[in-house]
>>> print(open('query_8.cif').read())   # mmCIF, C-alpha atoms and all ligand atoms
data_start
loop_
_atom_site.group_PDB
_atom_site.id
_atom_site.type_symbol
_atom_site.label_atom_id
_atom_site.label_comp_id
_atom_site.auth_asym_id
_atom_site.auth_seq_id
_atom_site.Cartn_x
_atom_site.Cartn_y
_atom_site.Cartn_z
ATOM 1 C CA MET A 1183 207.130 171.882 -129.448
ATOM 2 C CA SER A 1184 206.319 174.493 -132.039
ATOM 3 C CA LEU A 1185 203.188 174.025 -134.118
ATOM 4 C CA LYS A 1186 203.295 172.862 -137.689
ATOM 5 C CA ILE A 1187 201.064 174.827 -140.017
ATOM 6 C CA TYR A 1188 199.858 173.518 -143.362
ATOM 7 C CA ILE A 1189 200.041 175.806 -146.378
ATOM 8 C CA ASN A 1190 199.297 174.365 -149.823
ATOM 9 C CA GLY A 1191 200.429 170.834 -149.153
ATOM 10 C CA HIS A 1192 203.477 171.647 -147.021
ATOM 11 C CA LEU A 1193 203.957 171.789 -143.275
ATOM 12 C CA PHE A 1194 205.884 174.780 -141.913
ATOM 13 C CA GLU A 1195 207.038 175.647 -138.421
ATOM 14 C CA LYS A 1196 204.639 178.265 -137.019
ATOM 15 C CA GLU A 1197 207.274 181.016 -137.279
ATOM 16 C CA GLU A 1198 207.894 180.147 -140.927
ATOM 17 C CA ALA A 1199 204.241 179.834 -141.959
ATOM 18 C CA LYS A 1200 203.703 182.984 -144.009
ATOM 19 C CA ILE A 1201 201.259 184.305 -146.583
ATOM 20 C CA SER A 1202 201.813 187.168 -149.028
ATOM 21 C CA VAL A 1203 200.605 190.685 -148.162
ATOM 22 C CA TYR A 1204 199.107 190.660 -151.678
ATOM 23 C CA ASP A 1205 196.787 187.786 -150.794
ATOM 24 C CA HIS A 1206 193.214 188.914 -151.331
ATOM 25 C CA GLY A 1207 192.222 187.064 -148.180
ATOM 26 C CA LEU A 1208 194.107 189.804 -146.340
ATOM 27 C CA LEU A 1209 193.446 192.729 -148.689
ATOM 28 C CA TYR A 1210 189.707 192.140 -149.108
ATOM 29 C CA GLY A 1211 188.590 189.344 -146.817
ATOM 30 C CA ASP A 1212 188.170 187.380 -150.054
ATOM 31 C CA GLY A 1213 188.063 183.763 -148.948
ATOM 32 C CA VAL A 1214 186.213 181.232 -146.823
ATOM 33 C CA PHE A 1215 186.945 179.265 -143.685
ATOM 34 C CA GLU A 1216 185.852 176.612 -141.207
ATOM 35 C CA GLY A 1217 186.386 176.146 -137.472
ATOM 36 C CA MET A 1218 186.304 172.516 -136.325
ATOM 37 C CA ARG A 1219 186.849 170.538 -133.162
ATOM 38 C CA ILE A 1220 189.033 167.499 -132.550
ATOM 39 C CA TYR A 1221 187.722 165.128 -129.871
ATOM 40 C CA ASN A 1222 189.789 162.093 -128.872
ATOM 41 C CA GLY A 1223 191.893 162.398 -132.001
ATOM 42 C CA LYS A 1224 188.908 162.545 -134.361
ATOM 43 C CA VAL A 1225 187.657 165.609 -136.239
ATOM 44 C CA PHE A 1226 184.011 166.164 -135.309
ATOM 45 C CA ARG A 1227 181.726 166.079 -138.386
ATOM 46 C CA LEU A 1228 184.577 166.736 -140.819
ATOM 47 C CA GLU A 1229 182.471 165.847 -143.867
ATOM 48 C CA GLN A 1230 179.784 168.372 -142.903
ATOM 49 C CA HIS A 1231 182.365 171.101 -142.383
ATOM 50 C CA LEU A 1232 183.878 170.352 -145.786
ATOM 51 C CA GLU A 1233 180.463 170.425 -147.424
ATOM 52 C CA ARG A 1234 179.804 173.852 -145.887
ATOM 53 C CA LEU A 1235 183.254 175.036 -146.993
ATOM 54 C CA TRP A 1236 182.560 173.937 -150.564
ATOM 55 C CA ASN A 1237 179.165 175.650 -150.489
ATOM 56 C CA SER A 1238 180.719 178.874 -149.179
ATOM 57 C CA ALA A 1239 183.421 178.675 -151.859
ATOM 58 C CA LYS A 1240 180.835 178.073 -154.579
ATOM 59 C CA ALA A 1241 178.842 181.105 -153.450
ATOM 60 C CA ILE A 1242 181.870 183.379 -153.810
ATOM 61 C CA ARG A 1243 182.992 181.624 -157.016
ATOM 62 C CA LEU A 1244 186.181 180.306 -155.501
ATOM 63 C CA GLU A 1245 187.458 176.958 -156.675
ATOM 64 C CA VAL A 1246 189.076 174.909 -153.941
ATOM 65 C CA PRO A 1247 192.162 173.406 -155.604
ATOM 66 C CA LEU A 1248 191.746 169.989 -153.921
ATOM 67 C CA SER A 1249 188.947 167.441 -153.757
ATOM 68 C CA PRO A 1250 187.036 167.135 -150.454
ATOM 69 C CA GLU A 1251 188.730 163.744 -149.938
ATOM 70 C CA GLU A 1252 192.192 165.233 -150.447
ATOM 71 C CA LEU A 1253 191.455 168.116 -148.107
ATOM 72 C CA ALA A 1254 190.042 165.740 -145.472
ATOM 73 C CA ARG A 1255 193.254 163.722 -145.692
ATOM 74 C CA ASP A 1256 195.397 166.870 -145.308
ATOM 75 C CA VAL A 1257 193.362 168.044 -142.310
ATOM 76 C CA VAL A 1258 193.937 164.698 -140.599
ATOM 77 C CA THR A 1259 197.651 164.743 -141.518
ATOM 78 C CA THR A 1260 198.020 168.219 -139.978
ATOM 79 C CA VAL A 1261 196.230 167.159 -136.795
ATOM 80 C CA ARG A 1262 198.476 164.072 -136.456
ATOM 81 C CA ALA A 1263 201.667 166.032 -137.232
ATOM 82 C CA ASN A 1264 200.847 168.246 -134.264
ATOM 83 C CA GLY A 1265 199.849 165.371 -131.982
ATOM 84 C CA ILE A 1266 196.606 167.071 -130.975
ATOM 85 C CA ASP A 1267 193.959 164.775 -129.487
ATOM 86 C CA ASN A 1268 191.610 167.476 -128.300
ATOM 87 C CA GLY A 1269 191.707 170.851 -129.934
ATOM 88 C CA TYR A 1270 190.568 173.155 -132.656
ATOM 89 C CA ILE A 1271 191.222 173.398 -136.389
ATOM 90 C CA ARG A 1272 191.079 176.516 -138.495
ATOM 91 C CA LEU A 1273 190.795 175.732 -142.192
ATOM 92 C CA VAL A 1274 191.133 178.720 -144.522
ATOM 93 C CA VAL A 1275 190.945 179.050 -148.300
ATOM 94 C CA THR A 1276 191.908 182.467 -149.642
ATOM 95 C CA ARG A 1277 191.568 183.818 -153.166
ATOM 96 C CA GLY A 1278 195.357 183.942 -153.248
ATOM 97 C CA VAL A 1279 197.971 186.435 -154.384
ATOM 98 C CA GLY A 1280 196.667 189.111 -156.718
ATOM 99 C CA THR A 1281 197.173 192.771 -157.529
ATOM 100 C CA LEU A 1282 196.066 195.763 -155.462
ATOM 101 C CA GLY A 1283 192.828 195.910 -157.480
ATOM 102 C CA LEU A 1284 189.720 193.907 -156.586
ATOM 103 C CA ASP A 1285 189.857 191.658 -159.647
ATOM 104 C CA PRO A 1286 189.732 188.061 -158.410
ATOM 105 C CA ASN A 1287 190.699 186.834 -161.903
ATOM 106 C CA LYS A 1288 194.163 188.267 -161.319
ATOM 107 C CA CYS A 1289 194.635 185.949 -158.335
ATOM 108 C CA ALA A 1290 196.523 182.958 -159.636
ATOM 109 C CA ASN A 1291 196.177 180.311 -156.925
ATOM 110 C CA PRO A 1292 193.857 179.942 -153.968
ATOM 111 C CA GLN A 1293 195.844 179.340 -150.782
ATOM 112 C CA ILE A 1294 194.836 176.574 -148.379
ATOM 113 C CA ILE A 1295 195.870 176.994 -144.761
ATOM 114 C CA ILE A 1296 195.268 174.484 -141.964
ATOM 115 C CA ILE A 1297 196.046 175.335 -138.343
ATOM 116 C CA ALA A 1298 195.521 172.668 -135.677
ATOM 117 C CA ASP A 1299 195.957 174.111 -132.210
ATOM 118 C CA HIS A 1300 194.894 173.706 -128.625
ATOM 119 C CA ILE A 1301 191.596 175.407 -127.888
ATOM 120 C CA GLU A 1302 191.061 178.349 -125.585
ATOM 121 C CA LEU A 1303 187.848 177.378 -123.892
ATOM 122 C CA TYR A 1304 185.337 179.707 -122.277
ATOM 123 C CA PRO A 1305 185.833 179.713 -118.478
ATOM 124 C CA GLN A 1306 183.935 176.926 -116.701
ATOM 125 C CA SER A 1307 181.868 179.538 -114.819
ATOM 126 C CA PHE A 1308 180.066 180.433 -118.082
ATOM 127 C CA TYR A 1309 178.764 176.859 -118.257
ATOM 128 C CA ASP A 1310 178.031 176.598 -114.542
ATOM 129 C CA LYS A 1311 176.188 179.896 -114.188
ATOM 130 C CA GLY A 1312 175.175 180.825 -117.733
ATOM 131 C CA LEU A 1313 175.905 183.928 -119.780
ATOM 132 C CA GLU A 1314 174.374 187.346 -119.856
ATOM 133 C CA ILE A 1315 174.022 188.743 -123.370
ATOM 134 C CA VAL A 1316 172.589 191.875 -124.976
ATOM 135 C CA THR A 1317 170.943 192.595 -128.306
ATOM 136 C CA VAL A 1318 173.159 194.897 -130.352
ATOM 137 C CA SER A 1319 172.196 197.599 -132.843
ATOM 138 C CA THR A 1320 174.376 196.157 -135.621
ATOM 139 C CA ILE A 1321 172.039 193.986 -137.675
ATOM 140 C CA ARG A 1322 173.269 190.762 -139.254
ATOM 141 C CA ASN A 1323 174.331 191.087 -142.898
ATOM 142 C CA HIS A 1324 171.386 191.384 -145.282
ATOM 143 C CA PRO A 1325 171.221 188.001 -147.058
ATOM 144 C CA ALA A 1326 170.903 189.723 -150.423
ATOM 145 C CA ALA A 1327 174.117 191.669 -149.793
ATOM 146 C CA LEU A 1328 176.326 188.964 -148.313
ATOM 147 C CA SER A 1329 174.577 185.810 -147.210
ATOM 148 C CA PRO A 1330 175.337 184.843 -143.604
ATOM 149 C CA ARG A 1331 175.291 181.257 -144.939
ATOM 150 C CA ILE A 1332 178.694 181.998 -146.462
ATOM 151 C CA LYS A 1333 181.390 181.504 -143.854
ATOM 152 C CA SER A 1334 183.608 184.107 -145.465
ATOM 153 C CA LEU A 1335 186.824 185.692 -144.244
ATOM 154 C CA ASN A 1336 184.946 188.972 -143.973
ATOM 155 C CA TYR A 1337 183.705 188.880 -140.385
ATOM 156 C CA LEU A 1338 183.407 192.629 -139.841
ATOM 157 C CA ASN A 1339 179.637 192.415 -139.383
ATOM 158 C CA ASN A 1340 180.147 189.969 -136.513
ATOM 159 C CA ILE A 1341 183.111 191.882 -135.096
ATOM 160 C CA LEU A 1342 181.097 195.115 -134.940
ATOM 161 C CA GLY A 1343 178.378 193.209 -133.088
ATOM 162 C CA LYS A 1344 180.977 191.723 -130.750
ATOM 163 C CA ILE A 1345 182.469 195.146 -129.953
ATOM 164 C CA GLU A 1346 179.015 196.453 -129.027
ATOM 165 C CA GLY A 1347 178.433 193.429 -126.824
ATOM 166 C CA GLN A 1348 181.784 193.878 -125.101
ATOM 167 C CA GLN A 1349 181.006 197.530 -124.476
ATOM 168 C CA ALA A 1350 177.977 196.305 -122.550
ATOM 169 C CA GLY A 1351 180.175 193.873 -120.610
ATOM 170 C CA CYS A 1352 179.094 190.731 -122.509
ATOM 171 C CA VAL A 1353 181.219 188.107 -124.262
ATOM 172 C CA GLU A 1354 178.493 187.299 -126.784
ATOM 173 C CA ALA A 1355 175.809 189.453 -128.365
ATOM 174 C CA LEU A 1356 172.497 188.766 -130.039
ATOM 175 C CA MET A 1357 172.088 190.072 -133.579
ATOM 176 C CA LEU A 1358 168.752 190.673 -135.286
ATOM 177 C CA ASN A 1359 168.239 190.465 -139.031
ATOM 178 C CA HIS A 1360 167.093 193.245 -141.365
ATOM 179 C CA GLN A 1361 163.478 192.408 -140.507
ATOM 180 C CA GLY A 1362 164.037 192.757 -136.778
ATOM 181 C CA GLN A 1363 163.838 189.004 -136.177
ATOM 182 C CA VAL A 1364 166.294 187.102 -134.027
ATOM 183 C CA ALA A 1365 169.157 185.843 -136.209
ATOM 184 C CA GLU A 1366 172.114 184.525 -134.222
ATOM 185 C CA CYS A 1367 174.940 185.639 -131.990
ATOM 186 C CA THR A 1368 178.250 186.970 -133.324
ATOM 187 C CA GLY A 1369 179.847 183.514 -133.413
ATOM 188 C CA ASP A 1370 177.135 181.146 -132.189
ATOM 189 C CA ASN A 1371 173.613 180.012 -133.046
ATOM 190 C CA ILE A 1372 170.781 180.577 -130.569
ATOM 191 C CA PHE A 1373 168.124 178.227 -129.162
ATOM 192 C CA LEU A 1374 165.139 178.777 -126.879
ATOM 193 C CA VAL A 1375 163.131 176.324 -124.827
ATOM 194 C CA SER A 1376 159.487 177.281 -124.558
ATOM 195 C CA LYS A 1377 156.787 174.983 -123.149
ATOM 196 C CA ARG A 1378 159.124 171.992 -123.575
ATOM 197 C CA GLN A 1379 159.650 172.761 -127.275
ATOM 198 C CA LEU A 1380 163.035 173.641 -128.713
ATOM 199 C CA LEU A 1381 162.913 176.734 -130.923
ATOM 200 C CA THR A 1382 165.603 178.159 -133.158
ATOM 201 C CA PRO A 1383 165.579 180.636 -136.063
ATOM 202 C CA PRO A 1384 165.333 179.044 -139.529
ATOM 203 C CA ILE A 1385 168.218 179.310 -142.002
ATOM 204 C CA ASP A 1386 166.316 181.942 -143.986
ATOM 205 C CA ALA A 1387 166.402 184.261 -140.973
ATOM 206 C CA GLY A 1388 169.898 184.968 -142.326
ATOM 207 C CA ILE A 1389 172.169 182.789 -140.198
ATOM 208 C CA LEU A 1390 175.083 180.432 -140.535
ATOM 209 C CA GLU A 1391 173.964 176.795 -140.721
ATOM 210 C CA GLY A 1392 175.915 175.792 -137.660
ATOM 211 C CA ILE A 1393 177.259 172.245 -137.519
ATOM 212 C CA THR A 1394 176.679 172.238 -133.751
ATOM 213 C CA ARG A 1395 173.147 173.587 -134.317
ATOM 214 C CA GLU A 1396 172.439 170.624 -136.595
ATOM 215 C CA ALA A 1397 173.859 168.144 -134.078
ATOM 216 C CA VAL A 1398 171.784 169.654 -131.258
ATOM 217 C CA ILE A 1399 168.598 169.494 -133.343
ATOM 218 C CA GLU A 1400 169.279 165.784 -133.981
ATOM 219 C CA LEU A 1401 169.978 165.104 -130.300
ATOM 220 C CA ALA A 1402 166.850 166.954 -129.203
ATOM 221 C CA ARG A 1403 164.666 164.952 -131.610
ATOM 222 C CA GLU A 1404 166.275 161.727 -130.374
ATOM 223 C CA ALA A 1405 165.380 162.845 -126.852
ATOM 224 C CA GLY A 1406 161.748 163.178 -127.943
ATOM 225 C CA LEU A 1407 161.584 166.959 -127.972
ATOM 226 C CA VAL A 1408 159.601 168.873 -130.552
ATOM 227 C CA VAL A 1409 162.062 171.057 -132.469
ATOM 228 C CA ARG A 1410 160.760 173.985 -134.487
ATOM 229 C CA GLU A 1411 162.749 176.257 -136.761
ATOM 230 C CA VAL A 1412 160.620 179.381 -136.533
ATOM 231 C CA SER A 1413 161.155 183.104 -136.793
ATOM 232 C CA LEU A 1414 161.587 184.602 -133.338
ATOM 233 C CA THR A 1415 161.480 188.076 -131.871
ATOM 234 C CA LYS A 1416 163.310 189.546 -128.901
ATOM 235 C CA HIS A 1417 160.053 189.143 -126.996
ATOM 236 C CA ASP A 1418 160.164 185.370 -127.558
ATOM 237 C CA VAL A 1419 163.658 185.368 -126.086
ATOM 238 C CA TYR A 1420 162.619 187.399 -123.026
ATOM 239 C CA ILE A 1421 159.723 185.081 -122.156
ATOM 240 C CA ALA A 1422 161.525 181.782 -122.949
ATOM 241 C CA ASP A 1423 161.930 179.158 -120.222
ATOM 242 C CA GLU A 1424 165.527 178.501 -121.263
ATOM 243 C CA CYS A 1425 168.059 179.866 -123.719
ATOM 244 C CA PHE A 1426 171.407 178.575 -124.928
ATOM 245 C CA LEU A 1427 173.988 179.145 -127.671
ATOM 246 C CA THR A 1428 175.787 176.596 -129.846
ATOM 247 C CA GLY A 1429 179.063 176.666 -131.730
ATOM 248 C CA SER A 1430 182.073 174.486 -132.450
ATOM 249 C CA ALA A 1431 184.221 176.364 -129.942
ATOM 250 C CA ALA A 1432 181.563 177.115 -127.301
ATOM 251 C CA GLU A 1433 179.672 173.790 -127.735
ATOM 252 C CA ILE A 1434 176.468 174.431 -125.716
ATOM 253 C CA VAL A 1435 176.540 177.421 -123.393
ATOM 254 C CA PRO A 1436 173.508 178.450 -121.309
ATOM 255 C CA VAL A 1437 172.193 182.031 -121.366
ATOM 256 C CA VAL A 1438 170.439 183.317 -118.248
ATOM 257 C CA LYS A 1439 169.997 187.034 -118.929
ATOM 258 C CA VAL A 1440 169.178 188.920 -122.124
ATOM 259 C CA ASP A 1441 168.944 192.730 -122.252
ATOM 260 C CA SER A 1442 168.709 192.649 -118.428
ATOM 261 C CA ARG A 1443 165.662 190.312 -118.512
ATOM 262 C CA ILE A 1444 166.178 187.166 -116.463
ATOM 263 C CA ILE A 1445 165.485 184.045 -118.551
ATOM 264 C CA GLY A 1446 163.413 181.413 -116.748
ATOM 265 C CA ASP A 1447 164.549 181.220 -113.158
ATOM 266 C CA GLY A 1448 167.953 182.743 -113.938
ATOM 267 C CA LYS A 1449 169.770 179.400 -113.878
ATOM 268 C CA PRO A 1450 170.710 177.053 -116.736
ATOM 269 C CA GLY A 1451 167.553 174.993 -117.331
ATOM 270 C CA PRO A 1452 167.003 171.211 -117.264
ATOM 271 C CA ILE A 1453 166.569 170.784 -121.020
ATOM 272 C CA THR A 1454 169.762 172.747 -121.675
ATOM 273 C CA ARG A 1455 171.569 170.552 -119.147
ATOM 274 C CA ASP A 1456 170.213 167.376 -120.727
ATOM 275 C CA LEU A 1457 171.300 168.475 -124.212
ATOM 276 C CA GLU A 1458 174.751 169.421 -122.886
ATOM 277 C CA LYS A 1459 175.055 165.907 -121.473
ATOM 278 C CA ARG A 1460 173.945 164.303 -124.726
ATOM 279 C CA PHE A 1461 176.313 166.504 -126.733
ATOM 280 C CA HIS A 1462 179.170 165.563 -124.442
ATOM 281 C CA GLU A 1463 178.379 161.855 -124.949
ATOM 282 C CA LEU A 1464 178.165 162.319 -128.720
ATOM 283 C CA THR A 1465 181.513 164.086 -128.992
ATOM 284 C CA ARG A 1466 183.499 162.120 -126.399
ATOM 285 C CA ARG A 1467 182.399 158.608 -127.155
HETATM 286 N N1 LIG A 1501 177.125 181.591 -136.326
HETATM 287 C C1 LIG A 1501 178.266 182.224 -136.652
HETATM 288 C C2 LIG A 1501 178.190 183.615 -137.167
HETATM 289 C C3 LIG A 1501 179.498 181.560 -136.506
HETATM 290 O O1 LIG A 1501 180.636 182.194 -136.840
HETATM 291 C C4 LIG A 1501 179.521 180.234 -136.007
HETATM 292 C C5 LIG A 1501 180.818 179.487 -135.899
HETATM 293 N N2 LIG A 1501 181.758 180.101 -135.101
HETATM 294 C C6 LIG A 1501 178.310 179.632 -135.663
HETATM 295 C C7 LIG A 1501 177.128 180.336 -135.860
HETATM 296 C C8 LIG A 1501 178.273 178.228 -135.141
HETATM 297 O O2 LIG A 1501 178.583 177.327 -136.169
HETATM 298 P P1 LIG A 1501 179.277 175.910 -135.874
HETATM 299 O O3 LIG A 1501 178.387 175.189 -134.936
HETATM 300 O O4 LIG A 1501 179.368 175.276 -137.212
HETATM 301 O O5 LIG A 1501 180.604 176.206 -135.280
#
>>> encode(input="query_8.cif", output="structure tokens")
Amino acid sequence: MSLKIYINGHLFEKEEAKISVYDHGLLYGDGVFEGMRIYNGKVFRLEQHLERLWNSAKAIRLEVPLSPEELARDVVTTVRANGIDNGYIRLVVTRGVGTLGLDPNKCANPQIIIIADHIELYPQSFYDKGLEIVTVSTIRNHPAALSPRIKSLNYLNNILGKIEGQQAGCVEALMLNHQGQVAECTGDNIFLVSKRQLLTPPIDAGILEGITREAVIELAREAGLVVREVSLTKHDVYIADECFLTGSAAEIVPVVKVDSRIIGDGKPGPITRDLEKRFHELTRR
């Protein structure tokens, strides 16, 4: 069965779902998006994703032409229309069709696109054995230029980081901020375990406020762990007992090697494993 894609209130067959080449989402990366998971027919933390979408839109002065309640309803309708119980949703709001100039005021209507699809998961071996990652030379966007808190359609900063990581044979890459502190990976947040404390960079390190990050912080506190949002250096990563990444698509994925330094004993650690288990229970219950 072909997928049904939502564009501005209508469902189209995948082959018929088309957007203008004059859309500023395409011409300039002018728009915002969300990536969400569906578990057992339910969208995980939909309200939080919508809140982040609205915040991103506000930051780029884009008015979403629906209320959060209306958009939530349309997301659920799209998921049901495609009969997807476990999968992934891409929600996109573009500035819309404009002229070839930058002027966003010449874009008449923002376009809302919802794609609900099956998810291409990382291979199981990544979770069993853990990832090796490298720090890349591309720094994360300077927050005063384009805040990493905005989940915008312009992902070139992350893509350049990803290309560097791939060149080193890694599927994910660690990005530092303009001050040389640990920020996040190209599409995931980063956590360390050090002396039984869970450490992660604060939002003002210039990172996306990951929905999975938030869920993991809550789960860790419930488990009685001390969680600290503190600025971290590469050195902190190298000497950590455990390291893992979080994201809607990846969920929790252990990291066992960074810049050729073995993390802990080179195997996914017990606290990572416990949090994976708790996250699995939270999402699949
Ligand atoms: N950082 C970046 C740069 C991301 O693109 C993402 C989402 N893919 C994340 C972190 C993780 O965020 P979330 O848990 O909300 O998916």
>>> closest_residue(input="query_8.cif", among="A:Ala1327, A:Leu1209, A:Val1412, A:Ile1294", to="Gly1280 in chain A", atoms="only C-alpha atoms")
A:Leu1209
>>> residues_near_point(input="query_8.cif", point="(177.5, 177.7, -138.2)", cutoff="10 Å", atoms="only C-alpha atoms", output="list of chain:residue names")
A:Glu1216, A:Gly1217, A:His1231, A:Arg1234, A:Pro1330, A:Arg1331, A:Ile1332, A:Lys1333, A:Glu1366, A:Gly1369, A:Asp1370, A:Asn1371, A:Ile1389, A:Leu1390, A:Glu1391, A:Gly1392, A:Ile1393, A:Thr1394, A:Arg1395, A:Glu1396, A:Thr1428, A:Gly1429, A:Ser1430
>>> residues_around(input="query_8.cif", residues="Lys1224 in chain A", least_positions_apart="5", cutoff="12 Å", atoms="only C-alpha atoms", output="list in words")
Met1218, Arg1219, Glu1229, Ala1254, Val1257, Val1258, Thr1259, Val1261, Arg1262, Gly1265, Ile1266, Asp1267, Asn1268, Gly1269, Tyr1270, Ile1271, Thr1465, Arg1466 and Arg1467 of chain A
>>> residues_around(input="query_8.cif", residues="Leu1282 in chain A", least_positions_apart="6", cutoff="12 Å", atoms="only C-alpha atoms", output="CSV table (one decimal) with C-alpha atoms, in the coordinates of the input")
chain,number,residue,atom,x,y,z
A,1203,VAL,CA,200.6,190.7,-148.2
A,1204,TYR,CA,199.1,190.7,-151.7
A,1205,ASP,CA,196.8,187.8,-150.8
A,1206,HIS,CA,193.2,188.9,-151.3
A,1207,GLY,CA,192.2,187.1,-148.2
A,1208,LEU,CA,194.1,189.8,-146.3
A,1209,LEU,CA,193.4,192.7,-148.7
A,1210,TYR,CA,189.7,192.1,-149.1
A,1288,LYS,CA,194.2,188.3,-161.3
A,1289,CYS,CA,194.6,185.9,-158.3
>>> resolve_selection(input="query_8.cif", expression="the PyMOL selection byres (((chain A and resi 1411) around 10) and not hetatm)", output="VMD selection string")
chain A and resid 1373 1380 to 1387 1399 1409 to 1410 1412 to 1414
>>> closest_residue(input="query_8.cif", among="A:Ser1334, A:Asn1264, A:Ser1249, A:Asn1291", to="ligand LIG 1501 (chain A)", atoms="all atoms listed in the file")
A:Ser1334
>>> axis_aligned_box(input="query_8.cif", around="range 1379-1383 of chain A", padding_each_side="3 Å", output="AutoDock Vina command-line options")
--center_x 162.6 --center_y 176.7 --center_z -131.7 --size_x 12.0 --size_y 13.9 --size_z 14.8
>>> closest_residue(input="query_8.cif", among="A:Ile1444, A:Leu1248, A:Val1225, A:Val1275", to="Ala1298 in chain A", atoms="all atoms listed in the file")
A:Val1225
>>> residues_around(input="query_8.cif", residues="Leu1342 in chain A", least_positions_apart="3", cutoff="12 Å", atoms="only C-alpha atoms", output="MDAnalysis selection string")
chainID A and resid 1318:1323 1336:1339 1345:1349 1354:1357 1367:1369
>>> closest_residue(input="query_8.cif", among="A:His1300, A:Lys1459, A:Arg1277, A:Lys1344", to="ligand LIG 1501 (chain A)", atoms="only C-alpha atoms and all ligand atoms")
A:Lys1344
>>> resolve_selection(input="query_8.cif", expression="the PyMOL selection byres (((chain A and resi 1297) around 8) and not hetatm)", output="list in words")
Lys1186, Ile1187, Tyr1188, Thr1260, Ile1271, Arg1272, Leu1273, Ile1295, Ile1296, Ala1298 and Asp1299 of chain A
>>> atom_distance(input="query_8.cif", atom1="CA of Val1437 in chain A", atom2="CA of Leu1374 in chain A")
9.5 Å
>>> residues_around(input="query_8.cif", residues="Arg1243 in chain A", least_positions_apart="3", cutoff="10 Å", atoms="all atoms listed in the file", output="ChimeraX atom specification")
/A:1213,1237-1240,1246,1277,1286
>>> closest_residue(input="query_8.cif", among="A:Ile1242, A:Ala1431, A:Leu1358, A:Gly1191", to="Arg1255 in chain A", atoms="only C-alpha atoms")
A:Gly1191
